[in-house]
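Asker: mmCIF, C-alpha atoms, saved as my_file14.cif, coming up:
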```cif
data_upload
#
loop_
_atom_site.label_atom_id
_atom_site.label_comp_id
_atom_site.auth_asym_id
_atom_site.auth_seq_id
_atom_site.Cartn_x
_atom_site.Cartn_y
_atom_site.Cartn_z
CA MET N 4 40.63 81.54 -2.81
CA ALA N 5 39.93 83.46 -6.02
CA ALA N 6 37.92 86.10 -4.12
CA GLY N 7 40.75 86.55 -1.63
CA ARG N 8 43.29 86.99 -4.40
CA ALA N 9 41.04 89.54 -6.09
CA GLU N 10 40.74 91.58 -2.89
CA ALA N 11 44.50 91.43 -2.36
CA ASP N 12 45.04 92.64 -5.92
CA LEU N 13 42.57 95.50 -5.45
CA PHE N 14 44.24 96.52 -2.19
CA ALA N 15 47.70 96.41 -3.78
CA ARG N 16 46.46 98.63 -6.62
CA ALA N 17 44.83 100.98 -4.10
CA SER N 18 48.04 101.21 -2.10
CA GLU N 19 50.07 101.96 -5.20
CA ALA N 20 47.63 104.68 -6.25
CA TRP N 21 47.72 106.17 -2.74
CA GLN N 22 51.51 106.22 -2.70
CA GLN N 23 51.56 107.88 -6.12
CA GLY N 24 49.13 110.60 -5.04
CA ARG N 25 46.10 109.37 -7.01
CA ARG N 26 43.79 109.82 -4.03
CA ALA N 27 40.40 109.49 -5.73
CA GLU N 28 41.42 106.32 -7.58
CA SER N 29 42.82 104.83 -4.37
CA ALA N 30 39.63 105.65 -2.45
CA ALA N 31 37.45 103.98 -5.08
CA LEU N 32 39.59 100.85 -5.12
CA LEU N 33 39.57 100.68 -1.32
CA GLU N 34 35.81 100.99 -1.20
CA ALA N 35 35.62 98.10 -3.64
CA VAL N 36 37.78 96.04 -1.28
CA ILE N 37 35.56 97.01 1.67
CA ALA N 38 32.42 96.14 -0.27
CA ALA N 39 33.84 92.66 -0.82
CA ASP N 40 35.14 92.38 2.76
CA PRO N 41 33.52 94.83 5.22
CA GLN N 42 36.04 93.87 7.90
CA HIS N 43 39.18 94.50 5.84
CA LEU N 44 41.02 96.49 8.50
CA ALA N 45 43.86 97.77 6.32
CA ALA N 46 41.43 99.00 3.67
CA LEU N 47 39.23 100.72 6.26
CA SER N 48 42.11 102.46 8.01
CA THR N 49 43.75 103.51 4.72
CA ARG N 50 40.42 104.88 3.46
CA ALA N 51 40.17 106.89 6.68
CA MET N 52 43.65 108.31 6.13
CA ILE N 53 42.73 109.39 2.61
CA ALA N 54 39.77 111.28 4.04
CA LEU N 55 41.96 112.85 6.72
CA ASN N 56 44.53 113.97 4.22
CA GLY N 57 41.76 115.38 2.04
CA GLY N 58 40.36 117.42 4.92
CA ASP N 59 37.04 115.50 4.96
CA ALA N 60 36.35 115.18 8.68
CA ALA N 61 32.97 113.44 8.34
CA ALA N 62 34.28 110.77 5.98
CA ALA N 63 37.40 110.26 8.07
CA ARG N 64 35.29 109.74 11.19
CA HIS N 65 33.00 107.30 9.34
CA TRP N 66 35.82 105.12 8.07
CA VAL N 67 37.91 105.12 11.22
CA GLU N 68 34.85 104.24 13.32
CA ARG N 69 34.23 101.27 11.03
CA ALA N 70 37.88 100.25 11.49
CA LEU N 71 37.52 100.52 15.26
CA ALA N 72 34.47 98.26 15.13
CA VAL N 73 36.79 95.63 13.67
CA GLU N 74 39.75 96.32 16.00
CA PRO N 75 38.87 98.41 19.08
CA GLY N 76 42.20 97.59 20.73
CA ALA N 77 44.38 99.52 18.28
CA ALA N 78 45.78 102.75 19.74
CA PRO N 79 46.67 104.21 16.29
CA LEU N 80 43.02 103.92 15.21
CA TRP N 81 41.85 105.87 18.26
CA PHE N 82 44.53 108.41 17.43
CA ASN N 83 43.14 108.68 13.89
CA LEU N 84 39.66 109.20 15.34
CA TYR N 85 41.08 112.06 17.39
CA GLN N 86 42.45 113.56 14.17
CA ALA N 87 39.00 113.32 12.56
CA HIS N 88 37.33 115.01 15.54
CA ASP N 89 40.02 117.67 15.68
CA LEU N 90 39.61 118.33 11.95
CA ALA N 91 35.90 118.86 12.62
CA GLY N 92 36.67 121.25 15.49
CA ASP N 93 35.27 118.88 18.11
CA ARG N 94 38.06 119.12 20.67
CA GLU N 95 36.26 117.44 23.56
CA ARG N 96 35.48 114.32 21.54
CA GLY N 97 39.03 114.46 20.23
CA LEU N 98 40.35 114.45 23.78
CA ALA N 99 38.13 111.47 24.61
CA SER N 100 39.57 109.59 21.60
CA LEU N 101 43.13 110.31 22.76
CA ASP N 102 42.24 109.00 26.21
CA ARG N 103 40.90 105.82 24.64
CA ALA N 104 44.18 105.45 22.72
CA LEU N 105 46.11 105.82 25.97
CA GLU N 106 43.86 103.33 27.73
CA VAL N 107 44.95 100.82 25.08
CA ASP N 108 48.62 101.89 25.17
CA PRO N 109 49.66 104.36 27.91
CA TYR N 110 53.06 104.74 26.23
CA TYR N 111 51.80 105.66 22.77
CA VAL N 112 53.91 108.77 22.23
CA PRO N 113 51.84 110.46 19.47
CA ALA N 114 48.73 110.30 21.66
CA ILE N 115 50.56 111.67 24.69
CA LEU N 116 52.00 114.60 22.74
CA MET N 117 48.76 115.44 20.96
CA LYS N 118 46.84 115.20 24.23
CA ALA N 119 49.28 117.65 25.82
CA ASP N 120 48.92 119.96 22.81
CA LEU N 121 45.12 119.70 22.89
CA LEU N 122 44.97 120.35 26.64
CA HIS N 123 46.90 123.58 26.04
CA ARG N 124 44.45 124.59 23.31
CA LEU N 125 41.60 123.86 25.71
CA GLY N 126 43.11 126.26 28.26
CA ARG N 127 44.33 123.48 30.57
CA THR N 128 47.95 124.56 30.34
CA PRO N 129 49.23 123.21 33.71
CA GLU N 130 48.06 119.71 32.71
CA ALA N 131 49.61 120.17 29.27
CA LEU N 132 52.93 121.18 30.75
CA GLY N 133 52.95 118.14 33.02
CA LEU N 134 52.47 115.82 30.06
CA PHE N 135 55.02 117.62 27.90
CA ARG N 136 57.62 117.47 30.67
CA ALA N 137 56.92 113.78 31.30
CA ILE N 138 57.37 112.78 27.67
CA LEU N 139 60.44 114.97 27.19
CA ALA N 140 62.04 113.29 30.20
CA VAL N 141 62.21 110.02 28.24
CA GLY N 142 63.69 111.72 25.16
CA PRO N 143 61.31 110.98 22.26
CA ASN N 144 62.87 110.64 18.82
CA ALA N 145 61.40 113.64 17.04
CA GLU N 146 62.52 112.43 13.62
CA ALA N 147 60.42 109.27 13.99
CA LEU N 148 57.21 111.22 14.68
CA PRO N 149 54.63 112.21 12.04
CA PRO N 150 54.89 115.92 11.08
CA PRO N 151 51.79 117.06 13.06
CA VAL N 152 53.06 115.30 16.19
CA ARG N 153 56.56 116.69 15.67
CA ALA N 154 55.03 120.17 15.45
CA ALA N 155 53.16 119.54 18.71
CA LEU N 156 56.44 118.50 20.34
CA ALA N 157 58.05 121.75 19.17
CA ARG N 158 55.15 123.74 20.61
CA GLY N 159 55.51 121.84 23.87
CA ILE N 160 59.21 122.63 24.09
CA ALA N 161 58.45 126.31 23.49
CA LEU N 162 55.75 126.20 26.17
CA ILE N 163 58.14 124.65 28.69
CA GLU N 164 60.85 127.20 27.88
CA ALA N 165 58.37 130.04 28.39
CA GLU N 166 57.31 128.64 31.76
CA ASP N 167 60.94 128.18 32.79
CA GLU N 168 61.68 131.79 31.85
CA ALA N 169 58.73 132.97 33.93
CA ARG N 170 59.87 130.88 36.89
CA ALA N 171 63.40 132.19 36.59
CA ALA N 172 62.16 135.77 36.57
CA ALA N 173 60.01 135.13 39.64
CA ILE N 174 62.89 133.52 41.55
CA ALA N 175 65.61 136.01 40.61
CA ALA N 176 64.59 138.87 42.91
CA PRO N 177 64.07 136.75 46.08
CA LEU N 178 67.41 135.02 45.54
CA ALA N 179 69.17 138.33 45.03
CA ALA N 180 67.63 139.64 48.24
CA ILE N 181 68.80 136.60 50.18
CA ARG N 182 72.33 136.97 48.82
CA ALA N 183 72.37 140.62 49.79
CA ALA N 184 71.08 139.87 53.28
CA PHE N 185 73.48 136.95 53.86
CA PRO N 186 76.61 137.67 51.79
CA ASP N 187 78.70 134.99 53.53
CA ALA N 188 76.11 132.22 53.22
CA ASP N 189 76.72 129.22 50.96
CA LEU N 190 73.78 129.30 48.58
CA ASN N 191 75.11 126.77 46.09
CA ARG N 192 72.40 124.22 46.84
CA ALA N 193 69.63 126.82 46.70
CA THR N 194 70.99 128.13 43.41
CA ALA N 195 71.25 124.63 41.98
CA TYR N 196 67.65 123.94 42.98
CA ALA N 197 66.47 127.16 41.36
CA GLU N 198 68.37 126.29 38.18
CA GLN N 199 66.88 122.80 38.08
CA ARG N 200 63.36 124.15 38.59
CA THR N 201 63.81 126.59 35.73
CA GLY N 202 65.26 124.13 33.20
CA ARG N 203 68.82 125.39 33.47
CA ARG N 204 70.36 122.43 35.26
CA LYS N 205 70.24 118.73 34.54
CA VAL N 206 70.09 116.45 37.57
CA TYR N 207 73.09 114.11 37.65
CA VAL N 208 73.13 111.03 39.87
CA GLN N 209 76.01 108.80 40.87
CA GLN N 210 76.44 105.98 38.37
CA PRO N 211 79.81 104.35 39.10
CA ILE N 212 80.77 101.44 36.90
CA GLY N 213 81.88 99.45 39.95
CA GLY N 214 80.68 99.62 43.53
CA HIS N 215 78.04 102.12 44.61
CA PHE N 216 77.96 102.88 48.33
CA PRO N 217 74.37 103.91 49.17
CA TYR N 218 73.23 107.30 50.47
CA LEU N 219 76.39 109.28 49.82
CA PRO N 220 75.62 112.78 48.47
CA ALA N 221 76.33 113.45 44.79
CA ILE N 222 78.53 116.54 45.21
CA GLU N 223 80.04 117.87 41.99
CA PHE N 224 82.89 119.91 43.53
CA PHE N 225 83.66 119.72 47.24
CA ALA N 226 84.20 122.92 49.21
CA PRO N 227 87.96 123.50 49.76
CA ALA N 228 87.27 124.18 53.43
CA LEU N 229 86.55 120.47 53.90
CA PHE N 230 90.20 119.68 53.11
CA PRO N 231 92.59 121.68 55.32
CA TRP N 232 95.60 120.08 53.61
CA PHE N 233 94.77 121.73 50.28
CA ALA N 234 96.89 124.75 51.22
CA ALA N 235 100.01 122.61 51.68
CA LEU N 236 99.36 120.91 48.34
CA GLU N 237 98.87 124.18 46.46
CA ALA N 238 101.96 125.71 48.09
CA LYS N 239 104.09 123.08 46.31
CA THR N 240 102.62 123.77 42.84
CA ALA N 241 105.79 125.37 41.44
CA GLU N 242 108.03 122.49 42.58
CA ILE N 243 105.64 119.88 41.24
CA ARG N 244 105.34 121.72 37.91
CA THR N 245 109.12 121.75 37.58
CA GLU N 246 109.26 118.00 38.03
CA LEU N 247 106.40 117.50 35.57
CA LEU N 248 108.18 119.53 32.91
CA ALA N 249 111.34 117.47 33.46
CA VAL N 250 109.34 114.29 32.89
CA LEU N 251 107.84 115.72 29.71
CA ARG N 252 111.29 116.56 28.36
CA ALA N 253 112.42 112.94 28.78
CA PRO N 254 109.28 110.83 29.26
CA GLY N 255 110.66 107.43 28.38
CA GLU N 256 108.42 104.39 28.90
CA ASP N 257 107.12 105.70 32.21
CA LEU N 258 104.71 108.05 30.45
CA ARG N 259 102.08 105.75 28.97
CA PRO N 260 98.48 105.88 27.72
CA TYR N 261 96.03 106.30 30.57
CA ILE N 262 93.31 104.38 28.72
CA ALA N 263 94.63 100.89 27.99
CA PHE N 264 91.98 98.26 27.26
CA ASP N 265 93.22 95.05 25.70
CA ALA N 266 91.85 93.74 22.41
CA THR N 267 89.29 91.49 24.11
CA GLN N 268 87.49 94.32 25.94
CA PRO N 269 84.75 96.62 24.64
CA VAL N 270 86.08 100.18 24.57
CA ASN N 271 82.77 102.07 24.10
CA GLN N 272 83.40 105.82 24.29
CA TRP N 273 87.13 105.28 24.80
CA ALA N 274 87.85 104.08 21.26
CA GLU N 275 89.77 107.21 20.21
CA LEU N 276 91.88 107.33 23.37
CA ASN N 277 92.47 103.63 23.89
CA ASN N 278 96.23 102.94 23.95
CA ASN N 279 96.74 106.49 22.69
CA LYS N 280 99.24 108.88 24.25
CA ASN N 281 96.93 111.82 23.60
CA TRP N 282 95.98 111.16 27.22
CA SER N 283 99.03 109.95 29.10
CA ALA N 284 99.78 109.18 32.72
CA PHE N 285 102.94 109.13 34.81
CA PHE N 286 102.07 107.11 37.93
CA PHE N 287 103.46 107.58 41.43
CA TRP N 288 100.89 105.20 42.89
CA GLU N 289 98.64 102.94 40.81
CA ASP N 290 95.80 100.95 42.37
CA GLY N 291 97.64 100.82 45.68
CA VAL N 292 101.08 99.99 44.24
CA ARG N 293 103.93 102.49 44.60
CA HIS N 294 106.04 103.15 41.47
CA ASP N 295 109.39 103.61 43.18
CA ALA N 296 111.35 104.61 40.05
CA ASN N 297 108.89 107.36 39.19
CA CYS N 298 108.92 108.61 42.76
CA LEU N 299 112.73 108.85 42.59
CA ARG N 300 112.47 110.94 39.42
CA CYS N 301 110.14 113.41 41.16
CA PRO N 302 111.26 113.53 44.81
CA ALA N 303 109.40 116.71 45.78
CA THR N 304 106.12 115.38 44.40
CA ALA N 305 106.61 111.98 46.00
CA ALA N 306 107.46 113.52 49.36
CA LEU N 307 104.34 115.65 49.26
CA LEU N 308 102.15 112.67 48.38
CA GLU N 309 103.43 110.83 51.45
CA THR N 310 102.00 113.61 53.63
CA LEU N 311 98.49 113.54 52.12
CA PRO N 312 95.57 111.43 53.43
CA MET N 313 95.41 109.26 50.32
CA LEU N 314 93.06 106.32 49.96
CA ASP N 315 94.56 103.16 51.42
CA LEU N 316 92.76 100.17 49.96
CA PRO N 317 94.88 97.32 48.57
CA GLY N 318 94.22 96.71 44.90
CA LYS N 319 92.26 99.97 44.61
CA GLY N 320 94.21 102.89 45.96
CA PRO N 321 95.95 105.14 46.30
CA THR N 322 96.33 106.25 42.70
CA ALA N 323 98.36 109.39 42.08
CA MET N 324 99.76 110.54 38.76
CA PHE N 325 100.64 113.30 36.38
CA SER N 326 97.79 113.40 33.84
CA ILE N 327 98.68 114.96 30.48
CA LEU N 328 96.46 115.74 27.50
CA GLU N 329 97.88 116.59 24.10
CA PRO N 330 96.53 119.74 22.39
CA GLY N 331 93.00 119.29 21.05
CA THR N 332 92.31 116.13 23.03
CA ARG N 333 88.84 115.71 24.48
CA ILE N 334 87.96 113.26 27.25
CA PRO N 335 84.45 111.84 26.62
CA PRO N 336 81.79 111.96 29.36
CA HIS N 337 82.21 109.07 31.78
CA THR N 338 81.63 107.93 35.35
CA GLY N 339 84.13 106.75 37.93
CA SER N 340 84.68 103.25 39.22
CA ASN N 341 83.03 103.95 42.59
CA ASN N 342 81.58 106.78 44.65
CA VAL N 343 83.61 106.44 47.86
CA ARG N 344 86.68 108.44 46.95
CA ALA N 345 87.30 112.04 45.99
CA VAL N 346 89.45 112.84 42.95
CA VAL N 347 91.74 115.81 43.46
CA HIS N 348 93.19 117.80 40.54
CA LEU N 349 96.10 120.19 41.03
CA PRO N 350 96.37 122.34 37.87
CA LEU N 351 99.97 122.57 36.69
CA VAL N 352 99.89 123.64 33.02
CA VAL N 353 96.56 125.06 31.87
CA PRO N 354 96.36 126.62 28.39
CA GLU N 355 93.58 129.10 27.64
CA GLY N 356 90.20 127.63 26.80
CA CYS N 357 90.76 124.29 28.51
CA GLY N 358 88.65 122.83 31.25
CA PHE N 359 86.47 119.98 32.41
CA ARG N 360 82.95 119.44 33.71
CA VAL N 361 81.69 117.40 36.65
CA GLY N 362 77.92 117.09 36.53
CA ARG N 363 76.90 120.58 35.50
CA SER N 364 79.76 122.46 37.17
CA CYS N 365 82.88 123.39 35.21
CA SER N 366 86.50 124.00 36.13
CA THR N 367 89.43 125.24 34.06
CA THR N 368 92.00 122.49 34.51
CA ARG N 369 94.17 120.77 31.90
CA SER N 370 97.36 118.98 32.99
CA SER N 371 97.16 117.93 36.61
CA MET N 372 98.13 115.59 39.37
CA ARG N 373 95.35 113.24 40.51
CA ARG N 374 94.89 111.07 43.53
#
```
Translate the structure of the given file into structure tokens.
Answerer:
Amino acid sequence: MAAGRAEADLFARASEAWQQGRRAESAALLEAVIAADPQHLAALSTRAMIALNGGDAAAARHWVERALAVEPGAAPLWFNLYQAHDLAGDRERGLASLDRALEVDPYYVPAILMKADLLHRLGRTPEALGLFRAILAVGPNAEALPPPVRAALARGIALIEAEDEARAAAIAAPLAAIRAAFPDADLNRATAYAEQRTGRRKVYVQQPIGGHFPYLPAIEFFAPALFPWFAALEAKTAEIRTELLAVLRAPGEDLRPYIAFDATQPVNQWAELNNNKNWSAFFFWEDGVRHDANCLRCPATAALLETLPMLDLPGKGPTAMFSILEPGTRIPPHTGSNNVRAVVHLPLVVPEGCGFRVGRSCSTTRSSMRR
């Protein structure tokens, strides 16, 4: 018991000296601990780190190899062995050490990033890019990484951006030629693919909070040609705007917050807008129920709605309303309740600089009628 307490005291003193920058004193104390207990893993690994930080590759390799003899299943120790080999300029043995770390833990982020960085330094850039892209896809927390690994991540990002720029340059001329040859062709999908392949477009998938009907395409904005009744809707814009402005002059209780969770529900991203008239709604139809009084207040709008092919699903739709945002209001990113209906916006009052985004595509719309 006394010997164990003595070793613990020595290790505590060594740790304190190490933290205070007294490297030589810490190393001597650690070696005393190791002499008393050759399998003291913490002392061995800390002694290896002192050597690494001092730029002594041979000593670092010696101590980390002794630590690995005690615990060969520790990915961080294999990572430290890589650092010792890399410090000595032995890149191939460093790569082998990183592979051993990843055999132990395939998700050990520092080893993945440093392997990608090392592959690039070894001239194996396509493999490096594949690893960098894979790890960036899961969004590593750069602030949690050690400085050398964080620097490798930054180099990887720069490498990806350079490759994306090269791809974009290679694609630009062929796409321009196709557009010139087929000026009436719809190349939106081809353009979106090119943007995704060159890092300029994020891929968005349907993630409704309610029902998800399988295999429906995730289209950001539908082509107007798919909806021949759009022209009749747009032709009534002036009349609908007049009725909207009349409602805004005397809103009464019919204009109410669009976001209205009760106190028992989690509001998540809707906290600022919950029960707040910064985003208000004046409903003509709500979840399949007609608001007769509101329809009487806006007869032209109500009459038009009756002519449109609105969703007819009891308890769900149609929903049609005036949607009004106060100046400076921002709607947070969100997903719809399902993916089986299209939401139609008719812009009525759109100040400069206002708009919204669906997926990656943007539109300049502010106050609108929805269905």
Asker: Give as a PyMOL selection string the residues that the PyMOL selection byres ((chain N and resi 200) around 12) matches when applied to the coordinates above.
Answerer: chain N and resi 136+163-164+166-174+193-199+201-206
Asker: Kindly give the distance, in Å, that separates CA of Ala155 in chain N and CA of Ala61 in chain N, rounded to a single decimal.
Answerer: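 We find that CA of Ala155 in chain N and CA of Ala61 in chain N lie 23.5 Å from each other.
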Asker: Range 181-278 of chain N near range 304-317 of chain N within 10 Å: what's each residue's closest atom pair and its distance in Å to one decimal, counting only C-alpha atoms, ordered by chain then ascending residue number, as JSON lines?
Answerer:
```
{"residue": "N:Phe230", "atom": "CA", "partner": "N:Pro312", "partner_atom": "CA", "distance": 9.8}
{"residue": "N:Trp232", "atom": "CA", "partner": "N:Leu311", "partner_atom": "CA", "distance": 7.3}
{"residue": "N:Phe233", "atom": "CA", "partner": "N:Leu311", "partner_atom": "CA", "distance": 9.2}
{"residue": "N:Ala235", "atom": "CA", "partner": "N:Leu307", "partner_atom": "CA", "distance": 8.5}
{"residue": "N:Leu236", "atom": "CA", "partner": "N:Leu307", "partner_atom": "CA", "distance": 7.3}
{"residue": "N:Lys239", "atom": "CA", "partner": "N:Leu307", "partner_atom": "CA", "distance": 8.0}
{"residue": "N:Thr240", "atom": "CA", "partner": "N:Thr304", "partner_atom": "CA", "distance": 9.2}
{"residue": "N:Glu242", "atom": "CA", "partner": "N:Thr304", "partner_atom": "CA", "distance": 7.6}
{"residue": "N:Ile243", "atom": "CA", "partner": "N:Thr304", "partner_atom": "CA", "distance": 5.5}
{"residue": "N:Arg244", "atom": "CA", "partner": "N:Thr304", "partner_atom": "CA", "distance": 9.1}
{"residue": "N:Thr245", "atom": "CA", "partner": "N:Thr304", "partner_atom": "CA", "distance": 9.8}
{"residue": "N:Glu246", "atom": "CA", "partner": "N:Thr304", "partner_atom": "CA", "distance": 7.6}
{"residue": "N:Leu247", "atom": "CA", "partner": "N:Thr304", "partner_atom": "CA", "distance": 9.1}
```
Asker: Would you list the contacts of Arg363 in chain N as a PyMOL selection string, taking every protein, DNA or RNA residue within 8 Å and counting all atoms listed in the file, but skipping same-chain residues closer than 2 positions in sequence?
Answerer: chain N and resi 204-205+207+223+360-361+365
Asker: Compare N:Thr49, N:Ser326, N:Ser18, N:Asn281 by their minimum atom-to-atom distance to Ala62 in chain N, counting all atoms listed in the file, and give me the closest one.
Answerer: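 Going through N:Thr49, N:Ser326, N:Ser18, N:Asn281 one by one, the smallest distance to Ala62 in chain N is for N:Thr49.
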Asker: Which residue out of N:Pro211, N:Pro302, N:Pro186, N:Pro321 has the minimum interatomic distance to Asp290 in chain N when all atoms listed in the file are used?
Answerer: N:Pro321
Asker: How far is it from CA of Asp187 in chain N to CA of Ala238 in chain N, in Å with one decimal?
Answerer: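 Computed distance, CA of Asp187 in chain N to CA of Ala238 in chain N, equals 25.6 Å.
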Asker: Quick one: 4 Å padding each side, axis-aligned, all listed atoms of range 72-87 of chain N - centre and edge lengths in Å to one decimal, as JSON?
Answerer:
```
{"center_x": 40.6, "center_y": 104.6, "center_z": 16.6, "size_x": 20.2, "size_y": 25.9, "size_z": 16.2}
```
Asker: What would the list of residues within 9 Å of (86.7, 107.1, 25.2) (file frame) look like as a list in words, if all atoms listed in the file are what count?
Answerer: Ile262, Val270, Asn271, Gln272, Trp273, Ala274, Glu275, Leu276, Asn277, Arg333, Ile334, Pro335, Pro336 and His337 of chain N
Asker: Please, what distance in Å, to one decimal, runs between CA of Ala99 in chain N and CA of Asp40 in chain N?
Answerer: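 A separation of 29.2 Å between them.
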Asker: Go through N:Pro113, N:Gly159, N:Gly58, N:Gly291 and flag the residue nearest Ala91 in chain N, using all atoms listed in the file for the distances.
Answerer: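 Among the listed residues, the smallest separation from Ala91 in chain N belongs to N:Gly58.
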Asker: Any idea what's packed within 9 Å of range 70-82 of chain N, counting only C-alpha atoms, ignoring anything in its chain fewer than 6 positions away? Could you give it as a PDB file with C-alpha atoms, keeping the file's coordinate frame?
Answerer:
```pdb
ATOM      1  CA  GLN N  42      36.040  93.870   7.900  1.00  0.00           C
ATOM      2  CA  HIS N  43      39.180  94.500   5.840  1.00  0.00           C
ATOM      3  CA  LEU N  44      41.020  96.490   8.500  1.00  0.00           C
ATOM      4  CA  ALA N  45      43.860  97.770   6.320  1.00  0.00           C
ATOM      5  CA  ALA N  46      41.430  99.000   3.670  1.00  0.00           C
ATOM      6  CA  LEU N  47      39.230 100.720   6.260  1.00  0.00           C
ATOM      7  CA  SER N  48      42.110 102.460   8.010  1.00  0.00           C
ATOM      8  CA  ALA N  51      40.170 106.890   6.680  1.00  0.00           C
ATOM      9  CA  GLY N  97      39.030 114.460  20.230  1.00  0.00           C
ATOM     10  CA  SER N 100      39.570 109.590  21.600  1.00  0.00           C
ATOM     11  CA  LEU N 101      43.130 110.310  22.760  1.00  0.00           C
ATOM     12  CA  ASP N 102      42.240 109.000  26.210  1.00  0.00           C
ATOM     13  CA  ARG N 103      40.900 105.820  24.640  1.00  0.00           C
ATOM     14  CA  ALA N 104      44.180 105.450  22.720  1.00  0.00           C
ATOM     15  CA  LEU N 105      46.110 105.820  25.970  1.00  0.00           C
ATOM     16  CA  GLU N 106      43.860 103.330  27.730  1.00  0.00           C
ATOM     17  CA  VAL N 107      44.950 100.820  25.080  1.00  0.00           C
ATOM     18  CA  ASP N 108      48.620 101.890  25.170  1.00  0.00           C
ATOM     19  CA  TYR N 111      51.800 105.660  22.770  1.00  0.00           C
ATOM     20  CA  PRO N 113      51.840 110.460  19.470  1.00  0.00           C
ATOM     21  CA  ALA N 114      48.730 110.300  21.660  1.00  0.00           C
ATOM     22  CA  MET N 117      48.760 115.440  20.960  1.00  0.00           C
TER      23      MET N 117
END
```
Asker: Check the smallest atom-to-atom distance from each of N:Gly320, N:Val208, N:Asn278, N:Ala183 to Asp265 in chain N using all atoms listed in the file, then report the winner.
Answerer: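 Distance minimum relative to Asp265 in chain N lands on N:Asn278.
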Asker: Choose the residue, out of N:Gly24, N:Gly133, N:Pro150, N:Gly213, that has the smallest atom-to-atom separation from Leu162 in chain N; count all atoms listed in the file.
Answerer: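 Result for the nearest residue to Leu162 in chain N: N:Gly133.
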